[in-house]
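Asks: What follows is final28.txt, compact mmCIF, N, CA and C atoms.
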# COMPACT_ATOMS: atom_id res chain seq x y z
N MET X 1 0.84 -1.18 0.00
CA MET X 1 0.00 0.00 0.00
C MET X 1 0.89 1.25 0.00
N ASN X 2 0.47 2.29 -0.66
CA ASN X 2 1.29 3.48 -0.85
C ASN X 2 0.69 4.68 -0.12
N GLU X 3 0.58 4.59 1.22
CA GLU X 3 -0.02 5.66 2.01
C GLU X 3 0.97 6.80 2.23
N ILE X 4 0.44 8.00 2.29
CA ILE X 4 1.26 9.19 2.55
C ILE X 4 1.43 9.32 4.06
N THR X 5 2.66 9.53 4.51
CA THR X 5 2.91 9.71 5.94
C THR X 5 2.63 11.17 6.31
N PRO X 6 2.38 11.44 7.60
CA PRO X 6 2.11 12.82 8.02
C PRO X 6 3.19 13.81 7.58
N LEU X 7 4.44 13.39 7.63
CA LEU X 7 5.53 14.32 7.30
C LEU X 7 5.60 14.62 5.80
N GLU X 8 4.93 13.83 4.99
CA GLU X 8 4.90 14.09 3.55
C GLU X 8 3.74 15.00 3.14
N ASN X 9 2.90 15.35 4.11
CA ASN X 9 1.70 16.11 3.81
C ASN X 9 1.54 17.32 4.75
N LEU X 10 2.65 17.89 5.19
CA LEU X 10 2.60 19.00 6.15
C LEU X 10 1.86 20.21 5.57
N ALA X 11 1.04 20.81 6.41
CA ALA X 11 0.33 22.03 6.01
C ALA X 11 1.31 23.19 5.98
N PRO X 12 1.17 24.09 5.02
CA PRO X 12 2.05 25.26 4.99
C PRO X 12 1.74 26.20 6.15
N ASN X 13 2.74 26.93 6.58
CA ASN X 13 2.54 27.86 7.69
C ASN X 13 1.49 28.92 7.36
N SER X 14 1.34 29.29 6.11
CA SER X 14 0.34 30.29 5.74
C SER X 14 -1.07 29.81 6.11
N LYS X 15 -1.36 28.54 5.88
CA LYS X 15 -2.66 27.99 6.26
C LYS X 15 -2.82 27.97 7.78
N ARG X 16 -1.73 27.69 8.48
CA ARG X 16 -1.79 27.66 9.94
C ARG X 16 -2.03 29.05 10.51
N VAL X 17 -1.43 30.06 9.90
CA VAL X 17 -1.63 31.44 10.36
C VAL X 17 -3.09 31.85 10.16
N TRP X 18 -3.65 31.54 9.00
CA TRP X 18 -5.06 31.87 8.75
C TRP X 18 -5.98 31.11 9.70
N SER X 19 -5.68 29.85 9.93
CA SER X 19 -6.47 29.04 10.86
C SER X 19 -6.42 29.65 12.27
N PHE X 20 -5.23 30.02 12.69
CA PHE X 20 -5.04 30.66 14.00
C PHE X 20 -5.88 31.94 14.09
N THR X 21 -5.87 32.73 13.03
CA THR X 21 -6.61 34.00 13.02
C THR X 21 -8.11 33.75 13.15
N ILE X 22 -8.62 32.81 12.38
CA ILE X 22 -10.05 32.49 12.44
C ILE X 22 -10.43 32.00 13.84
N ASP X 23 -9.64 31.09 14.39
CA ASP X 23 -9.93 30.55 15.72
C ASP X 23 -9.83 31.62 16.81
N SER X 24 -8.88 32.53 16.68
CA SER X 24 -8.74 33.61 17.66
C SER X 24 -9.94 34.54 17.62
N ILE X 25 -10.38 34.88 16.42
CA ILE X 25 -11.57 35.73 16.29
C ILE X 25 -12.77 35.05 16.93
N LEU X 26 -12.96 33.77 16.65
CA LEU X 26 -14.08 33.03 17.22
C LEU X 26 -14.01 33.00 18.75
N ALA X 27 -12.86 32.68 19.30
CA ALA X 27 -12.70 32.62 20.76
C ALA X 27 -12.98 33.98 21.39
N ASN X 28 -12.50 35.04 20.76
CA ASN X 28 -12.75 36.38 21.29
C ASN X 28 -14.21 36.77 21.20
N LEU X 29 -14.90 36.36 20.15
CA LEU X 29 -16.33 36.64 20.04
C LEU X 29 -17.12 35.91 21.13
N ILE X 30 -16.73 34.68 21.42
CA ILE X 30 -17.37 33.93 22.51
C ILE X 30 -17.12 34.65 23.84
N TYR X 31 -15.89 35.06 24.07
CA TYR X 31 -15.53 35.79 25.29
C TYR X 31 -16.35 37.07 25.43
N ILE X 32 -16.42 37.86 24.36
CA ILE X 32 -17.17 39.11 24.40
C ILE X 32 -18.65 38.85 24.67
N THR X 33 -19.19 37.80 24.07
CA THR X 33 -20.58 37.45 24.31
C THR X 33 -20.82 37.14 25.79
N ILE X 34 -19.90 36.43 26.40
CA ILE X 34 -20.04 36.05 27.82
C ILE X 34 -19.97 37.26 28.74
N VAL X 35 -19.06 38.19 28.46
CA VAL X 35 -18.82 39.31 29.38
C VAL X 35 -19.41 40.64 28.89
N TYR X 36 -20.21 40.60 27.83
CA TYR X 36 -20.71 41.83 27.21
C TYR X 36 -21.42 42.75 28.21
N ASP X 37 -22.28 42.20 29.05
CA ASP X 37 -23.01 43.04 30.01
C ASP X 37 -22.08 43.80 30.94
N GLN X 38 -20.92 43.24 31.21
CA GLN X 38 -19.94 43.92 32.05
C GLN X 38 -19.11 44.91 31.26
N ILE X 39 -18.79 44.57 30.01
CA ILE X 39 -17.97 45.44 29.17
C ILE X 39 -18.64 46.79 28.94
N ILE X 40 -19.93 46.78 28.69
CA ILE X 40 -20.61 48.04 28.37
C ILE X 40 -20.67 49.00 29.54
N LEU X 41 -20.39 48.53 30.75
CA LEU X 41 -20.38 49.40 31.93
C LEU X 41 -19.03 50.06 32.17
N LEU X 42 -18.00 49.62 31.47
CA LEU X 42 -16.66 50.16 31.68
C LEU X 42 -16.55 51.55 31.08
N LYS X 43 -15.94 52.47 31.83
CA LYS X 43 -15.86 53.86 31.39
C LYS X 43 -14.44 54.37 31.14
N THR X 44 -13.51 53.99 31.98
CA THR X 44 -12.16 54.56 31.89
C THR X 44 -11.17 53.51 31.39
N PRO X 45 -10.05 53.97 30.85
CA PRO X 45 -9.02 53.01 30.43
C PRO X 45 -8.56 52.10 31.58
N GLU X 46 -8.50 52.66 32.78
CA GLU X 46 -8.09 51.87 33.94
C GLU X 46 -9.09 50.74 34.21
N GLU X 47 -10.38 51.06 34.12
CA GLU X 47 -11.41 50.04 34.32
C GLU X 47 -11.29 48.94 33.26
N ILE X 48 -11.04 49.34 32.04
CA ILE X 48 -10.91 48.38 30.95
C ILE X 48 -9.71 47.46 31.17
N ILE X 49 -8.58 48.05 31.55
CA ILE X 49 -7.36 47.27 31.81
C ILE X 49 -7.58 46.31 32.97
N ASN X 50 -8.15 46.79 34.05
CA ASN X 50 -8.40 45.94 35.21
C ASN X 50 -9.38 44.82 34.87
N PHE X 51 -10.41 45.15 34.12
CA PHE X 51 -11.38 44.14 33.71
C PHE X 51 -10.70 43.06 32.86
N ALA X 52 -9.87 43.47 31.92
CA ALA X 52 -9.16 42.51 31.06
C ALA X 52 -8.27 41.60 31.90
N LYS X 53 -7.58 42.18 32.89
CA LYS X 53 -6.73 41.37 33.77
C LYS X 53 -7.55 40.37 34.57
N GLU X 54 -8.68 40.84 35.10
CA GLU X 54 -9.51 39.99 35.96
C GLU X 54 -10.24 38.89 35.21
N THR X 55 -10.50 39.10 33.94
CA THR X 55 -11.28 38.11 33.18
C THR X 55 -10.47 37.38 32.11
N SER X 56 -9.18 37.59 32.08
CA SER X 56 -8.35 36.92 31.06
C SER X 56 -8.41 35.40 31.19
N TRP X 57 -8.67 34.92 32.39
CA TRP X 57 -8.78 33.47 32.60
C TRP X 57 -9.96 32.90 31.82
N ILE X 58 -11.01 33.70 31.60
CA ILE X 58 -12.17 33.22 30.85
C ILE X 58 -11.77 32.95 29.40
N LEU X 59 -11.04 33.88 28.81
CA LEU X 59 -10.58 33.68 27.43
C LEU X 59 -9.64 32.49 27.33
N ALA X 60 -8.76 32.34 28.31
CA ALA X 60 -7.84 31.19 28.32
C ALA X 60 -8.63 29.89 28.41
N LEU X 61 -9.64 29.85 29.26
CA LEU X 61 -10.46 28.64 29.41
C LEU X 61 -11.23 28.34 28.13
N ILE X 62 -11.77 29.37 27.50
CA ILE X 62 -12.46 29.17 26.22
C ILE X 62 -11.52 28.53 25.21
N ASN X 63 -10.30 29.06 25.10
CA ASN X 63 -9.32 28.52 24.17
C ASN X 63 -8.96 27.08 24.49
N ILE X 64 -8.76 26.78 25.75
CA ILE X 64 -8.40 25.42 26.15
C ILE X 64 -9.53 24.45 25.80
N LEU X 65 -10.75 24.80 26.17
CA LEU X 65 -11.89 23.92 25.89
C LEU X 65 -12.10 23.75 24.38
N TYR X 66 -12.06 24.85 23.66
CA TYR X 66 -12.30 24.84 22.22
C TYR X 66 -11.26 23.98 21.50
N HIS X 67 -9.99 24.26 21.75
CA HIS X 67 -8.93 23.53 21.04
C HIS X 67 -8.86 22.07 21.48
N THR X 68 -9.05 21.80 22.76
CA THR X 68 -9.01 20.41 23.23
C THR X 68 -10.12 19.61 22.58
N PHE X 69 -11.35 20.10 22.67
CA PHE X 69 -12.49 19.33 22.17
C PHE X 69 -12.39 19.05 20.68
N PHE X 70 -12.17 20.08 19.88
CA PHE X 70 -12.20 19.87 18.44
C PHE X 70 -10.97 19.13 17.91
N THR X 71 -9.83 19.34 18.52
CA THR X 71 -8.64 18.58 18.11
C THR X 71 -8.80 17.11 18.47
N TRP X 72 -9.39 16.85 19.60
CA TRP X 72 -9.62 15.48 20.05
C TRP X 72 -10.68 14.80 19.18
N GLN X 73 -11.76 15.49 18.87
CA GLN X 73 -12.87 14.89 18.14
C GLN X 73 -12.56 14.59 16.67
N ASN X 74 -11.97 15.56 15.97
CA ASN X 74 -11.75 15.33 14.54
C ASN X 74 -10.47 15.97 14.00
N GLY X 75 -9.63 16.48 14.90
CA GLY X 75 -8.36 17.06 14.48
C GLY X 75 -8.48 18.46 13.91
N LYS X 76 -9.70 19.01 13.91
CA LYS X 76 -9.92 20.30 13.26
C LYS X 76 -10.75 21.24 14.11
N THR X 77 -10.26 22.45 14.29
CA THR X 77 -11.07 23.53 14.80
C THR X 77 -11.79 24.14 13.59
N LEU X 78 -12.63 25.13 13.81
CA LEU X 78 -13.31 25.77 12.69
C LEU X 78 -12.29 26.36 11.71
N GLY X 79 -11.26 27.01 12.25
CA GLY X 79 -10.22 27.59 11.40
C GLY X 79 -9.51 26.54 10.57
N LYS X 80 -9.19 25.42 11.18
CA LYS X 80 -8.52 24.35 10.45
C LYS X 80 -9.47 23.75 9.41
N HIS X 81 -10.73 23.62 9.74
CA HIS X 81 -11.71 23.09 8.78
C HIS X 81 -11.79 24.00 7.55
N ILE X 82 -11.88 25.29 7.77
CA ILE X 82 -11.96 26.25 6.66
C ILE X 82 -10.69 26.20 5.82
N MET X 83 -9.54 26.05 6.46
CA MET X 83 -8.26 26.04 5.74
C MET X 83 -7.88 24.65 5.22
N LYS X 84 -8.72 23.67 5.50
CA LYS X 84 -8.50 22.30 5.03
C LYS X 84 -7.18 21.69 5.54
N ILE X 85 -7.01 21.83 6.86
CA ILE X 85 -5.87 21.23 7.54
C ILE X 85 -6.37 20.55 8.81
N LYS X 86 -5.54 19.69 9.40
CA LYS X 86 -5.92 19.07 10.67
C LYS X 86 -4.68 18.66 11.44
N VAL X 87 -4.87 18.41 12.74
CA VAL X 87 -3.80 17.99 13.64
C VAL X 87 -3.84 16.47 13.76
N VAL X 88 -2.67 15.84 13.58
CA VAL X 88 -2.57 14.39 13.71
C VAL X 88 -1.29 14.03 14.47
N MET X 89 -1.23 12.79 14.92
CA MET X 89 -0.03 12.30 15.59
C MET X 89 1.08 12.15 14.56
N ILE X 90 2.29 12.56 14.92
CA ILE X 90 3.40 12.53 13.98
C ILE X 90 3.79 11.11 13.59
N GLU X 91 3.61 10.15 14.50
CA GLU X 91 4.05 8.78 14.24
C GLU X 91 3.23 8.09 13.17
N ASP X 92 1.90 8.23 13.26
CA ASP X 92 1.05 7.40 12.40
C ASP X 92 -0.11 8.15 11.73
N GLY X 93 -0.24 9.44 11.96
CA GLY X 93 -1.31 10.21 11.34
C GLY X 93 -2.66 10.05 12.00
N ALA X 94 -2.70 9.37 13.16
CA ALA X 94 -3.97 9.18 13.88
C ALA X 94 -4.38 10.48 14.58
N LEU X 95 -5.66 10.56 14.92
CA LEU X 95 -6.12 11.70 15.70
C LEU X 95 -5.50 11.66 17.10
N LEU X 96 -5.40 12.81 17.72
CA LEU X 96 -4.83 12.91 19.05
C LEU X 96 -5.80 12.33 20.08
N SER X 97 -5.26 11.75 21.13
CA SER X 97 -6.07 11.30 22.26
C SER X 97 -6.56 12.54 23.01
N PHE X 98 -7.49 12.34 23.93
CA PHE X 98 -7.96 13.46 24.73
C PHE X 98 -6.82 14.10 25.50
N SER X 99 -5.97 13.27 26.13
CA SER X 99 -4.88 13.82 26.94
C SER X 99 -3.87 14.59 26.08
N ALA X 100 -3.57 14.08 24.89
CA ALA X 100 -2.65 14.79 24.00
C ALA X 100 -3.27 16.11 23.52
N SER X 101 -4.58 16.09 23.24
CA SER X 101 -5.27 17.31 22.82
C SER X 101 -5.29 18.35 23.94
N LEU X 102 -5.54 17.89 25.16
CA LEU X 102 -5.55 18.80 26.31
C LEU X 102 -4.16 19.38 26.55
N LEU X 103 -3.14 18.55 26.51
CA LEU X 103 -1.77 19.02 26.69
C LEU X 103 -1.41 20.04 25.62
N ARG X 104 -1.76 19.76 24.39
CA ARG X 104 -1.49 20.67 23.28
C ARG X 104 -2.17 22.02 23.52
N ALA X 105 -3.43 21.99 23.93
CA ALA X 105 -4.18 23.23 24.18
C ALA X 105 -3.60 24.02 25.35
N LEU X 106 -3.20 23.33 26.41
CA LEU X 106 -2.62 24.01 27.58
C LEU X 106 -1.31 24.71 27.21
N VAL X 107 -0.44 24.00 26.51
CA VAL X 107 0.84 24.59 26.11
C VAL X 107 0.61 25.74 25.14
N ARG X 108 -0.37 25.61 24.27
CA ARG X 108 -0.71 26.66 23.31
C ARG X 108 -1.11 27.96 24.03
N VAL X 109 -1.93 27.83 25.06
CA VAL X 109 -2.37 29.01 25.81
C VAL X 109 -1.19 29.65 26.54
N VAL X 110 -0.31 28.85 27.08
CA VAL X 110 0.90 29.39 27.73
C VAL X 110 1.76 30.11 26.69
N ASP X 111 1.93 29.50 25.51
CA ASP X 111 2.69 30.14 24.43
C ASP X 111 2.11 31.51 24.08
N GLU X 112 0.80 31.57 23.99
CA GLU X 112 0.14 32.85 23.67
C GLU X 112 0.43 33.89 24.75
N ALA X 113 0.37 33.47 26.00
CA ALA X 113 0.62 34.39 27.11
C ALA X 113 2.07 34.87 27.15
N LEU X 114 2.97 34.08 26.57
CA LEU X 114 4.39 34.43 26.54
C LEU X 114 4.79 34.98 25.17
N PHE X 115 3.94 35.83 24.64
CA PHE X 115 4.21 36.55 23.39
C PHE X 115 4.43 35.62 22.20
N TYR X 116 3.75 34.49 22.19
CA TYR X 116 3.75 33.55 21.07
C TYR X 116 5.13 32.95 20.78
N ILE X 117 5.99 32.95 21.78
CA ILE X 117 7.35 32.46 21.58
C ILE X 117 7.36 30.98 21.14
N GLY X 118 6.42 30.19 21.61
CA GLY X 118 6.37 28.78 21.25
C GLY X 118 5.89 28.52 19.83
N PHE X 119 5.38 29.57 19.18
CA PHE X 119 4.94 29.42 17.79
C PHE X 119 6.11 29.57 16.82
N LEU X 120 7.16 30.24 17.23
CA LEU X 120 8.29 30.53 16.35
C LEU X 120 8.95 29.30 15.72
N PRO X 121 9.13 28.20 16.47
CA PRO X 121 9.80 27.05 15.86
C PRO X 121 9.13 26.56 14.57
N ALA X 122 7.83 26.79 14.41
CA ALA X 122 7.14 26.34 13.20
C ALA X 122 7.71 26.97 11.94
N PHE X 123 8.30 28.14 12.09
CA PHE X 123 8.84 28.85 10.93
C PHE X 123 10.27 28.42 10.60
N PHE X 124 10.89 27.67 11.49
CA PHE X 124 12.28 27.28 11.29
C PHE X 124 12.51 25.77 11.30
N SER X 125 11.49 25.01 11.62
CA SER X 125 11.60 23.57 11.73
C SER X 125 11.15 22.90 10.43
N PRO X 126 11.85 21.87 9.98
CA PRO X 126 11.41 21.16 8.77
C PRO X 126 10.05 20.48 8.96
N THR X 127 9.68 20.17 10.20
CA THR X 127 8.38 19.55 10.48
C THR X 127 7.30 20.60 10.76
N ARG X 128 7.67 21.87 10.75
CA ARG X 128 6.74 22.99 10.97
C ARG X 128 5.99 22.87 12.29
N GLN X 129 6.65 22.32 13.30
CA GLN X 129 6.01 22.13 14.59
C GLN X 129 6.23 23.32 15.52
N THR X 130 5.15 23.73 16.18
CA THR X 130 5.24 24.70 17.26
C THR X 130 5.64 23.95 18.52
N LEU X 131 5.84 24.67 19.61
CA LEU X 131 6.15 24.00 20.87
C LEU X 131 4.99 23.10 21.28
N HIS X 132 3.76 23.57 21.13
CA HIS X 132 2.61 22.73 21.53
C HIS X 132 2.46 21.51 20.63
N ASP X 133 2.91 21.59 19.38
CA ASP X 133 2.93 20.40 18.53
C ASP X 133 3.97 19.40 19.03
N ARG X 134 5.14 19.89 19.33
CA ARG X 134 6.22 19.00 19.78
C ARG X 134 5.86 18.29 21.07
N VAL X 135 5.31 19.05 22.03
CA VAL X 135 4.96 18.48 23.32
C VAL X 135 3.89 17.38 23.16
N SER X 136 2.96 17.57 22.25
CA SER X 136 1.89 16.59 22.05
C SER X 136 2.21 15.58 20.95
N ARG X 137 3.42 15.62 20.40
CA ARG X 137 3.86 14.72 19.35
C ARG X 137 2.93 14.74 18.14
N SER X 138 2.58 15.96 17.74
CA SER X 138 1.64 16.11 16.62
C SER X 138 2.22 17.00 15.53
N VAL X 139 1.58 16.94 14.39
CA VAL X 139 1.89 17.83 13.26
C VAL X 139 0.56 18.27 12.65
N VAL X 140 0.61 19.33 11.87
CA VAL X 140 -0.58 19.81 11.17
C VAL X 140 -0.38 19.49 9.69
N VAL X 141 -1.37 18.80 9.14
CA VAL X 141 -1.27 18.33 7.75
C VAL X 141 -2.44 18.85 6.92
N ASN X 142 -2.24 18.81 5.60
CA ASN X 142 -3.33 19.12 4.67
C ASN X 142 -4.34 17.99 4.72
N VAL X 143 -5.61 18.34 4.55
CA VAL X 143 -6.67 17.30 4.52
C VAL X 143 -6.78 16.79 3.10
Would you mind giving the structure from this file in C-alpha cells?
Replies:
Amino acid sequence: MNEITPLENLAPNSKRVWSFTIDSILANLIYITIVYDQIILLKTPEEIINFAKETSWILALINILYHTFFTWQNGKTLGKHIMKIKVVMIEDGALLSFSASLLRALVRVVDEALFYIGFLPAFFSPTRQTLHDRVSRSVVVNV
C-alpha cells in the first residue's frame, strides 16, 4: 500500500496562520458574548485594563476547551476546517487522544501568554512544529 505519511503532507505555515486567526476571532467573540453586560459598563481606560486582567482566565479557558475538544474529536477547529488542515499524531497520522489534545491546548495558551514564543519554531523547523505540537507529538497536515 502506498499511504502518505504525516511528514509528507505538512500544512504550509500560511494555512496555519489563517487558521489561527479564524480561531482567535471566534474565541474572542465567545468571550465578548459572555462578558458583554460587564464590558458596556466600563468607562475609563483603567477600568478596561483591570477588567481585562480579571477576566483573562475566561478567554484562556475558552481557548483550552475549544482547542481540546475539536482537536480530540476530529483534528480540526473551525479555522482548520476552513483552511482544510488538521492535527494528527506525527508517528502514524492518527487523531490525538484526549490527553494529547488537552496538553497541546494548555501549552498553546501558555505560548500565547508568553508573546507567542512557542509558535516561532514552526517557521524554522522542517516539520513545521510549534512547541505545543512538539509536546503533544503532533503535526498539522493538509486534509
Asks: Report, in Å to a single decimal, how far apart atom N of Thr77 in chain X and atom N of Asn28 in chain X are.
Replies: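 According to the coordinates, atom N of Asn28 in chain X and atom N of Thr77 in chain X are separated by 14.3 Å.
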Asks: Show me the residues close to (-2.4, 16.4, 6.9) - anything with an atom within 5 Å, counting all atoms listed in the file - and format the list as a ChimeraX atom specification.
Replies: /X:9,140-143
Asks: Only N, CA and C atoms, please: the residues just picked out, written as a PDB file, keeping the file's coordinate frame.
Replies:
ATOM      1  N   ASN X   9       2.900  15.350   4.110  1.00  0.00           N
ATOM      2  CA  ASN X   9       1.700  16.110   3.810  1.00  0.00           C
ATOM      3  C   ASN X   9       1.540  17.320   4.750  1.00  0.00           C
ATOM      4  N   VAL X 140       0.610  19.330  11.870  1.00  0.00           N
ATOM      5  CA  VAL X 140      -0.580  19.810  11.170  1.00  0.00           C
ATOM      6  C   VAL X 140      -0.380  19.490   9.690  1.00  0.00           C
ATOM      7  N   VAL X 141      -1.370  18.800   9.140  1.00  0.00           N
ATOM      8  CA  VAL X 141      -1.270  18.330   7.750  1.00  0.00           C
ATOM      9  C   VAL X 141      -2.440  18.850   6.920  1.00  0.00           C
ATOM     10  N   ASN X 142      -2.240  18.810   5.600  1.00  0.00           N
ATOM     11  CA  ASN X 142      -3.330  19.120   4.670  1.00  0.00           C
ATOM     12  C   ASN X 142      -4.340  17.990   4.720  1.00  0.00           C
ATOM     13  N   VAL X 143      -5.610  18.340   4.550  1.00  0.00           N
ATOM     14  CA  VAL X 143      -6.670  17.300   4.520  1.00  0.00           C
ATOM     15  C   VAL X 143      -6.780  16.790   3.100  1.00  0.00           C
TER      16      VAL X 143
END
Asks: Within range 11-112 of chain X, find each residue whose DSSP state, derived from the backbone, is strand (DSSP E), and express the selection as an NGL selection string.
Replies: :X and (85-89)
Asks: Name the residues in contact with Gln73 in chain X at a cut-off of 8 Å, using all atoms listed in the file, excluding same-chain residues fewer than 5 positions from it; report them as a PyMOL selection string.
Replies: chain X and resi 67-68+95-98+101
Asks: Include N, CA and C atoms and write out the residues we just selected as a PDB file, keeping the file's coordinate frame.
Replies:
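File written: part-v2.pdb
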ATOM      1  N   HIS X  67      -9.990  24.260  21.750  1.00  0.00           N
ATOM      2  CA  HIS X  67      -8.930  23.530  21.040  1.00  0.00           C
ATOM      3  C   HIS X  67      -8.860  22.070  21.480  1.00  0.00           C
ATOM      4  N   THR X  68      -9.050  21.800  22.760  1.00  0.00           N
ATOM      5  CA  THR X  68      -9.010  20.410  23.230  1.00  0.00           C
ATOM      6  C   THR X  68     -10.120  19.610  22.580  1.00  0.00           C
ATOM      7  N   LEU X  95      -5.660  10.560  14.920  1.00  0.00           N
ATOM      8  CA  LEU X  95      -6.120  11.700  15.700  1.00  0.00           C
ATOM      9  C   LEU X  95      -5.500  11.660  17.100  1.00  0.00           C
ATOM     10  N   LEU X  96      -5.400  12.810  17.720  1.00  0.00           N
ATOM     11  CA  LEU X  96      -4.830  12.910  19.050  1.00  0.00           C
ATOM     12  C   LEU X  96      -5.800  12.330  20.080  1.00  0.00           C
ATOM     13  N   SER X  97      -5.260  11.750  21.130  1.00  0.00           N
ATOM     14  CA  SER X  97      -6.070  11.300  22.260  1.00  0.00           C
ATOM     15  C   SER X  97      -6.560  12.540  23.010  1.00  0.00           C
ATOM     16  N   PHE X  98      -7.490  12.340  23.930  1.00  0.00           N
ATOM     17  CA  PHE X  98      -7.960  13.460  24.730  1.00  0.00           C
ATOM     18  C   PHE X  98      -6.820  14.100  25.500  1.00  0.00           C
ATOM     19  N   SER X 101      -4.580  16.090  23.240  1.00  0.00           N
ATOM     20  CA  SER X 101      -5.270  17.310  22.820  1.00  0.00           C
ATOM     21  C   SER X 101      -5.290  18.350  23.940  1.00  0.00           C
TER      22      SER X 101
END
Asks: Do you have the CA of Val87 in chain X-CA of Phe70 in chain X distance handy?
Replies: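 Those two atoms sit 9.9 Å apart.
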Asks: Under the rule that only C-alpha atoms are counted, which of X:Thr33, X:Asn74, X:Ser136, X:Thr5 is the nearest residue to Ile58 in chain X?
Replies: X:Thr33
Asks: Between X:Thr71, X:Leu61, X:Tyr66, X:Asp37, single out the one closest to Val110 in chain X, counting only C-alpha atoms.
Replies: X:Leu61
Asks: Among the residues of chain X, find those DSSP assigns to helix (DSSP H, G or I) from the backbone and print them as a count of residues only.
Replies: 94
Asks: Mind giving me the straight-line distance from CA of Trp72 in chain X to CA of Phe20 in chain X in Å, one decimal?
Replies: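 Rounded to one decimal, the two atoms are 17.0 Å apart.
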Asks: For a quick check of understanding, using all atoms listed in the file, which of X:Leu103, X:Tyr116, X:Phe124, X:Met89 has the smallest distance to Leu7 in chain X?
Replies: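 When distances to Leu7 in chain X are compared using all atoms listed in the file, the smallest one comes from X:Met89.
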Asks: Under the rule that only N, CA and C atoms are counted, which of X:Ile30, X:Asn13, X:Leu106, X:Ser138 is the nearest residue to Ala122 in chain X?
Replies: X:Asn13
Asks: Would you mind listing what lies within 8 Å of Thr21 in chain X as a PDB file with N, CA and C atoms, in the frame of the given file, with only C-alpha atoms counted and same-chain residues fewer than 4 positions away left out?
Replies:
ATOM      1  N   VAL X  17      -1.430  30.060   9.900  1.00  0.00           N
ATOM      2  CA  VAL X  17      -1.630  31.440  10.360  1.00  0.00           C
ATOM      3  C   VAL X  17      -3.090  31.850  10.160  1.00  0.00           C
ATOM      4  N   ILE X  25     -10.380  34.880  16.420  1.00  0.00           N
ATOM      5  CA  ILE X  25     -11.570  35.730  16.290  1.00  0.00           C
ATOM      6  C   ILE X  25     -12.770  35.050  16.930  1.00  0.00           C
ATOM      7  N   GLY X  79     -11.260  27.010  12.250  1.00  0.00           N
ATOM      8  CA  GLY X  79     -10.220  27.590  11.400  1.00  0.00           C
ATOM      9  C   GLY X  79      -9.510  26.540  10.570  1.00  0.00           C
TER      10      GLY X  79
END
Asks: With all atoms listed in the file as the atoms that count, which of X:Arg128, X:Val107, X:Tyr36, X:Lys84 lies nearest to Lys15 in chain X?
Replies: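 Looking only at the distances to Lys15 in chain X, the closest residue turns out to be X:Lys84.
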Asks: Considering all atoms listed in the file, state which residue in the set X:Val88, X:Ile117, X:Leu59, X:Leu102 is at the smallest distance from Thr130 in chain X.
Replies: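 When distances to Thr130 in chain X are compared using all atoms listed in the file, the smallest one comes from X:Ile117.
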Asks: At a cut-off of 5 Å around the point (4.2, 25.6, 25.0) (file coordinates), what residues fall inside when counting only N, CA and C atoms? I'd like the answer as a list in words.
Replies: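 Returned residue set, sorted by chain then number, is Val107, Arg108, Asp111, Leu131 and His132 of chain X.
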